[in-house]
Number of protein chains: 2
Amino acid sequence: MQVIDSIGAWRKALDGERADGRHVALVPTMGALHAGHAALIERAAATGAVVGVSVFVNPLQFGDRADLDAYPRTLEADVEVAAAHGADYVFAPSAAEMYPRPMATVVAVPALAARWEGEDRPGHFDGVATVVTKLFAQAGPCRAYFGAKDYQQLCIVRRLAADLDLGVDVVGCPTVREADGLALSSRNVRLTPAERRAAPVLRRALDAGAEALTVGATPAAARLAMHATVAAEPLVALHYAEPVDAETLEPLEDALAPGAGARLLIAAQLGATRLIDNLGVTR
Amino acid sequence: MQVIDSIGAWRKALDGERADGRHVALVPTMGALHAGHAALIERAAATGAVVGVSVFVNPLQFGDRADLDAYPRTLEADVEVAAAHGADYVFAPSAAEMYPRPMATVVAVPALAARWEGEDRPGHFDGVATVVTKLFAQAGPCRAYFGAKDYQQLCIVRRLAADLDLGVDVVGCPTVREADGLALSSRNVRLTPAERRAAPVLRRALDAGAEALTVGATPAAARLAMHATVAAEPLVALHYAEPVDAETLEPLEDALAPGAGARLLIAAQLGATRLIDNLGVTR
């Protein structure tokens, strides 16, 4: 496996692979790779494509300098995880390589970014959309694998790739969970033992909301079921819990018709740590 | 010469050319090709690259539906001009091909787009930046030729291509002018005979401003010289006339040091027609 840190060498390597007739699979990450990332890499590798994992902690998507500085950086371990799960390349540029001058250009998907995580983290999704556009443009035509755990991000990335004709096919992959239902996240290590024990309530709340929608309850009833579930955990403060349209992310207005689907989104605070999760539901 | 109207066929044609070892040159236009466009095509062809001319009247960059509808569409003539000056392909997609669904994604370069044309035409440069990003992503690695006549647009396009790592080398080409100094523009045909006679005052004003900066006058004095020149033409109402930094487009603050350079921008209204022009100056 090869580790590359310059954009020029990265482009050349992937162009070379395509010239040899191979397909390219890209797994964009911010490092701190866990079993969720490993599953993305394995799924990409299973297609027979040449797999490139990018590792870049993107300053543009952090509102807060302290949060950026505190984000785990574990490149050596990440390289091992990537190699063990079938990656052919790790692309790990420095911030100076990615942003040699202050960025004047912004890519935004305002209709999908305004609500939910975007409302609580202004500018976050503009930073995500901008760096993903760069990563896609650098990598060239490929399939790109994203976890469904960051569902709003997945919707935004899928939309910008299609809207801008970037030649990238965005593949959403199922959330990987601990045995007790907690979605894997690089942030989970920050939880205290008590918070960690409380955290699976997010998944239980999603299940309660899904159950309600599945039997034909209104979105308001599903929301109430989620709120009630979380309210039973004093360590967990809800940011939002909402049934939404799976594509537009607008709040669901009506009970699901038989055969129709939706997405449930949830975000909550556990001490200093913000956790998010989501679940698809079809009636 | 081949005329293509689907993005898929366009991508495939240019990928094929690159696979055969040729370089690709892109000349993005809104059609109504005149001698200014012809010069871009010739310059691109002179490099030995395969030359693709895109013809697309981009709805996103028109604030006004009537202005969009009134914009000249002359594809048959454009194809002839392109072929006569050395183009290998004309890419002329429909609006439905370019925007199969409403665009949710916006590309913006706010620091360069806020002033001058952007101030008078809100949203215009977001529309330009978004469609150019699409055109670049569709075409793949290439050199792209733009006229310096739309200088602010040239700066924005150059910046977004670099910021987003689009693999496109943006080449700015000198403004082509009529014998009396009027910059070629698709809008010139809308001038009445009297307005057409008055129009070269824009170039004379730029010359007056350049003369002032060249001898070490302040930016305020250069601006005054431009205003005074235009004031002598009753048919011409000035929008702005400004010495600016050639890269940031910020108003110039100090007189030019020997060897230093700047750009002069001008925009004026002649009846129903808005004209713009600009000039580089080095002391």
# chains A, B, ... in the order shown; residues from 1 in each chain; ligands from 1

call {"tool": "select_by_dssp", "arguments": {"residues": "region 12-226 of chain B", "states": "strand (DSSP E or B)", "output": "ChimeraX atom specification"}}
result
/B:24-29,50-55,89-91,106-108,142-147,168-173,177,183

call {"tool": "write_last_selection", "arguments": {"atoms": "C-alpha atoms", "output": "PDB file, in the first residue's frame"}}
result
ATOM      1  CA  VAL B  24      -7.979  19.393 -24.710  1.00  0.00           C
ATOM      2  CA  ALA B  25      -8.747  23.105 -25.032  1.00  0.00           C
ATOM      3  CA  LEU B  26     -12.142  24.372 -23.938  1.00  0.00           C
ATOM      4  CA  VAL B  27     -13.713  27.641 -25.065  1.00  0.00           C
ATOM      5  CA  PRO B  28     -16.851  28.190 -22.966  1.00  0.00           C
ATOM      6  CA  THR B  29     -19.304  30.601 -24.595  1.00  0.00           C
ATOM      7  CA  VAL B  50      -8.256  19.416 -29.703  1.00  0.00           C
ATOM      8  CA  VAL B  51     -10.626  22.378 -29.369  1.00  0.00           C
ATOM      9  CA  GLY B  52     -14.115  22.144 -27.907  1.00  0.00           C
ATOM     10  CA  VAL B  53     -16.407  25.174 -27.949  1.00  0.00           C
ATOM     11  CA  SER B  54     -19.318  25.026 -25.552  1.00  0.00           C
ATOM     12  CA  VAL B  55     -22.414  27.045 -26.446  1.00  0.00           C
ATOM     13  CA  TYR B  89     -16.258  20.004 -31.339  1.00  0.00           C
ATOM     14  CA  VAL B  90     -19.180  22.201 -30.465  1.00  0.00           C
ATOM     15  CA  PHE B  91     -20.938  21.151 -27.255  1.00  0.00           C
ATOM     16  CA  VAL B 106     -24.160  26.751  -5.630  1.00  0.00           C
ATOM     17  CA  VAL B 107     -20.522  27.588  -6.279  1.00  0.00           C
ATOM     18  CA  ALA B 108     -19.568  31.079  -5.162  1.00  0.00           C
ATOM     19  CA  CYS B 142      -7.994  20.895 -20.066  1.00  0.00           C
ATOM     20  CA  ARG B 143      -6.955  24.440 -20.785  1.00  0.00           C
ATOM     21  CA  ALA B 144      -9.900  26.819 -20.811  1.00  0.00           C
ATOM     22  CA  TYR B 145      -9.837  30.096 -22.745  1.00  0.00           C
ATOM     23  CA  PHE B 146     -11.649  33.197 -21.539  1.00  0.00           C
ATOM     24  CA  GLY B 147     -11.594  36.753 -22.843  1.00  0.00           C
ATOM     25  CA  VAL B 168      -8.230  23.188 -15.557  1.00  0.00           C
ATOM     26  CA  ASP B 169      -5.644  25.751 -16.560  1.00  0.00           C
ATOM     27  CA  VAL B 170      -7.495  29.027 -17.165  1.00  0.00           C
ATOM     28  CA  VAL B 171      -5.989  31.185 -19.924  1.00  0.00           C
ATOM     29  CA  GLY B 172      -7.012  34.834 -20.154  1.00  0.00           C
ATOM     30  CA  CYS B 173      -6.874  36.316 -23.669  1.00  0.00           C
ATOM     31  CA  ARG B 177     -11.708  45.683 -30.180  1.00  0.00           C
ATOM     32  CA  ALA B 183     -14.580  46.119 -27.010  1.00  0.00           C
TER      33      ALA B 183
END

call {"tool": "residues_around", "arguments": {"residues": "region 250-257 of chain A", "least_positions_apart": "3", "cutoff": "9 Å", "atoms": "only C-alpha atoms", "output": "NGL selection string"}}
result
:A and (112 or 115 or 213-220 or 242-247 or 260-263 or 282-283)

call {"tool": "atom_distance", "arguments": {"atom1": "CA of Gly181 (chain A)", "atom2": "CA of Asp277 (chain A)"}}
result
10.3 Å

call {"tool": "closest_atom_pairs", "arguments": {"of": "chain B", "to": "chain A", "cutoff": "8 Å", "atoms": "only C-alpha atoms", "output": "CSV"}}
result
residue,atom,partner,partner_atom,distance
B:Ala19,CA,A:Ala19,CA,7.9
B:Tyr99,CA,A:Asp163,CA,7.8
B:Met103,CA,A:Asp163,CA,6.2
B:Ala104,CA,A:Val109,CA,5.5
B:Thr105,CA,A:Val109,CA,4.4
B:Val106,CA,A:Ala108,CA,5.3
B:Val107,CA,A:Val107,CA,4.6
B:Ala108,CA,A:Val106,CA,5.3
B:Val109,CA,A:Thr105,CA,4.4
B:Pro110,CA,A:Ala104,CA,7.0
B:Ala111,CA,A:Ala104,CA,6.4
B:Leu112,CA,A:Ala104,CA,7.9
B:Thr130,CA,A:Leu164,CA,7.7
B:Thr133,CA,A:Leu164,CA,6.7
B:Lys134,CA,A:Leu164,CA,4.7
B:Ala137,CA,A:Leu166,CA,5.3
B:Gln138,CA,A:Asp165,CA,6.0
B:Arg159,CA,A:Ala104,CA,7.3
B:Leu160,CA,A:Thr105,CA,5.6
B:Asp163,CA,A:Met103,CA,6.2
B:Leu164,CA,A:Lys134,CA,4.7
B:Asp165,CA,A:Lys134,CA,5.8
B:Leu166,CA,A:Ala137,CA,5.3
B:Gly167,CA,A:Ala137,CA,7.5

call {"tool": "write_last_selection", "arguments": {"atoms": "N, CA and C atoms", "output": "PDB file, in the first residue's frame"}}
result
ATOM      1  N   ALA B  19      -7.142  10.029 -24.171  1.00  0.00           N
ATOM      2  CA  ALA B  19      -6.579   8.667 -24.201  1.00  0.00           C
ATOM      3  C   ALA B  19      -5.660   8.498 -25.414  1.00  0.00           C
ATOM      4  N   TYR B  99     -29.474  21.082 -16.659  1.00  0.00           N
ATOM      5  CA  TYR B  99     -30.154  21.153 -15.361  1.00  0.00           C
ATOM      6  C   TYR B  99     -31.369  20.223 -15.365  1.00  0.00           C
ATOM      7  N   MET B 103     -31.219  23.108  -9.611  1.00  0.00           N
ATOM      8  CA  MET B 103     -29.898  23.064  -8.982  1.00  0.00           C
ATOM      9  C   MET B 103     -30.041  23.357  -7.497  1.00  0.00           C
ATOM     10  N   ALA B 104     -29.535  22.464  -6.657  1.00  0.00           N
ATOM     11  CA  ALA B 104     -29.491  22.718  -5.217  1.00  0.00           C
ATOM     12  C   ALA B 104     -28.109  23.210  -4.803  1.00  0.00           C
ATOM     13  N   THR B 105     -27.122  22.996  -5.684  1.00  0.00           N
ATOM     14  CA  THR B 105     -25.728  23.311  -5.352  1.00  0.00           C
ATOM     15  C   THR B 105     -25.321  24.647  -5.959  1.00  0.00           C
ATOM     16  N   VAL B 106     -24.645  25.447  -5.173  1.00  0.00           N
ATOM     17  CA  VAL B 106     -24.160  26.751  -5.630  1.00  0.00           C
ATOM     18  C   VAL B 106     -22.652  26.810  -5.414  1.00  0.00           C
ATOM     19  N   VAL B 107     -21.937  27.284  -6.435  1.00  0.00           N
ATOM     20  CA  VAL B 107     -20.522  27.588  -6.279  1.00  0.00           C
ATOM     21  C   VAL B 107     -20.392  29.098  -6.264  1.00  0.00           C
ATOM     22  N   ALA B 108     -19.676  29.630  -5.297  1.00  0.00           N
ATOM     23  CA  ALA B 108     -19.568  31.079  -5.162  1.00  0.00           C
ATOM     24  C   ALA B 108     -18.144  31.475  -4.791  1.00  0.00           C
ATOM     25  N   VAL B 109     -17.761  32.664  -5.246  1.00  0.00           N
ATOM     26  CA  VAL B 109     -16.460  33.228  -4.877  1.00  0.00           C
ATOM     27  C   VAL B 109     -16.746  34.628  -4.339  1.00  0.00           C
ATOM     28  N   PRO B 110     -17.339  34.690  -3.146  1.00  0.00           N
ATOM     29  CA  PRO B 110     -17.918  35.960  -2.679  1.00  0.00           C
ATOM     30  C   PRO B 110     -16.935  37.132  -2.638  1.00  0.00           C
ATOM     31  N   ALA B 111     -15.695  36.881  -2.253  1.00  0.00           N
ATOM     32  CA  ALA B 111     -14.756  38.008  -2.117  1.00  0.00           C
ATOM     33  C   ALA B 111     -14.499  38.693  -3.462  1.00  0.00           C
ATOM     34  N   LEU B 112     -14.572  37.936  -4.565  1.00  0.00           N
ATOM     35  CA  LEU B 112     -14.333  38.525  -5.881  1.00  0.00           C
ATOM     36  C   LEU B 112     -15.630  38.944  -6.578  1.00  0.00           C
ATOM     37  N   THR B 130     -21.116  28.588 -10.881  1.00  0.00           N
ATOM     38  CA  THR B 130     -21.727  27.263 -10.817  1.00  0.00           C
ATOM     39  C   THR B 130     -21.696  26.580 -12.177  1.00  0.00           C
ATOM     40  N   THR B 133     -18.088  25.628 -13.145  1.00  0.00           N
ATOM     41  CA  THR B 133     -17.640  24.427 -12.427  1.00  0.00           C
ATOM     42  C   THR B 133     -18.193  23.177 -13.105  1.00  0.00           C
ATOM     43  N   LYS B 134     -19.479  23.215 -13.472  1.00  0.00           N
ATOM     44  CA  LYS B 134     -20.075  22.087 -14.195  1.00  0.00           C
ATOM     45  C   LYS B 134     -19.373  21.857 -15.539  1.00  0.00           C
ATOM     46  N   ALA B 137     -16.021  20.346 -14.934  1.00  0.00           N
ATOM     47  CA  ALA B 137     -16.109  18.955 -14.462  1.00  0.00           C
ATOM     48  C   ALA B 137     -16.516  18.033 -15.612  1.00  0.00           C
ATOM     49  N   GLN B 138     -17.400  18.512 -16.463  1.00  0.00           N
ATOM     50  CA  GLN B 138     -17.831  17.709 -17.617  1.00  0.00           C
ATOM     51  C   GLN B 138     -16.679  17.489 -18.599  1.00  0.00           C
ATOM     52  N   ARG B 159      -9.896  31.697 -10.131  1.00  0.00           N
ATOM     53  CA  ARG B 159      -9.793  31.381  -8.711  1.00  0.00           C
ATOM     54  C   ARG B 159     -10.523  30.095  -8.352  1.00  0.00           C
ATOM     55  N   LEU B 160     -11.715  29.906  -8.896  1.00  0.00           N
ATOM     56  CA  LEU B 160     -12.454  28.685  -8.532  1.00  0.00           C
ATOM     57  C   LEU B 160     -11.778  27.444  -9.097  1.00  0.00           C
ATOM     58  N   ASP B 163      -8.887  26.915  -6.660  1.00  0.00           N
ATOM     59  CA  ASP B 163      -9.351  26.566  -5.307  1.00  0.00           C
ATOM     60  C   ASP B 163      -9.928  25.156  -5.250  1.00  0.00           C
ATOM     61  N   LEU B 164     -10.652  24.759  -6.291  1.00  0.00           N
ATOM     62  CA  LEU B 164     -11.331  23.455  -6.266  1.00  0.00           C
ATOM     63  C   LEU B 164     -10.512  22.347  -6.931  1.00  0.00           C
ATOM     64  N   ASP B 165      -9.274  22.655  -7.337  1.00  0.00           N
ATOM     65  CA  ASP B 165      -8.405  21.640  -7.961  1.00  0.00           C
ATOM     66  C   ASP B 165      -9.076  20.958  -9.138  1.00  0.00           C
ATOM     67  N   LEU B 166      -9.700  21.757 -10.008  1.00  0.00           N
ATOM     68  CA  LEU B 166     -10.480  21.164 -11.092  1.00  0.00           C
ATOM     69  C   LEU B 166      -9.624  20.625 -12.237  1.00  0.00           C
ATOM     70  N   GLY B 167      -8.310  20.839 -12.163  1.00  0.00           N
ATOM     71  CA  GLY B 167      -7.455  20.306 -13.223  1.00  0.00           C
ATOM     72  C   GLY B 167      -7.577  21.098 -14.511  1.00  0.00           C
TER      73      GLY B 167
END

call {"tool": "closest_residue", "arguments": {"among": "A:Leu191, A:Val81, A:Leu249, A:Ala241", "to": "Ala113 (chain A)", "atoms": "only C-alpha atoms"}}
result
A:Leu249

call {"tool": "decode", "arguments": {"residues": "region 178-198 of chain B", "atoms": "C-alpha atoms", "output": "PDB file, in the first residue's frame"}}
result
ATOM      1  CA  GLU B 178     -13.269  47.524 -33.068  1.00  0.00           C
ATOM      2  CA  ALA B 179     -11.031  50.013 -34.874  1.00  0.00           C
ATOM      3  CA  ASP B 180     -12.420  52.849 -32.731  1.00  0.00           C
ATOM      4  CA  GLY B 181     -11.603  51.015 -29.498  1.00  0.00           C
ATOM      5  CA  LEU B 182     -15.013  49.555 -28.585  1.00  0.00           C
ATOM      6  CA  ALA B 183     -14.580  46.119 -27.010  1.00  0.00           C
ATOM      7  CA  LEU B 184     -16.409  43.382 -28.909  1.00  0.00           C
ATOM      8  CA  SER B 185     -19.519  42.149 -27.114  1.00  0.00           C
ATOM      9  CA  SER B 186     -22.657  40.262 -28.068  1.00  0.00           C
ATOM     10  CA  ARG B 187     -24.511  43.229 -26.613  1.00  0.00           C
ATOM     11  CA  ASN B 188     -23.068  45.765 -29.086  1.00  0.00           C
ATOM     12  CA  VAL B 189     -25.713  44.874 -31.679  1.00  0.00           C
ATOM     13  CA  ARG B 190     -28.346  46.328 -29.356  1.00  0.00           C
ATOM     14  CA  LEU B 191     -26.848  49.841 -29.514  1.00  0.00           C
ATOM     15  CA  THR B 192     -28.631  52.495 -31.574  1.00  0.00           C
ATOM     16  CA  PRO B 193     -26.405  54.185 -34.166  1.00  0.00           C
ATOM     17  CA  ALA B 194     -25.980  57.206 -31.865  1.00  0.00           C
ATOM     18  CA  GLU B 195     -25.119  54.994 -28.893  1.00  0.00           C
ATOM     19  CA  ARG B 196     -22.672  53.044 -31.045  1.00  0.00           C
ATOM     20  CA  ARG B 197     -20.910  56.319 -31.945  1.00  0.00           C
ATOM     21  CA  ALA B 198     -20.747  57.269 -28.257  1.00  0.00           C
TER      22      ALA B 198
END
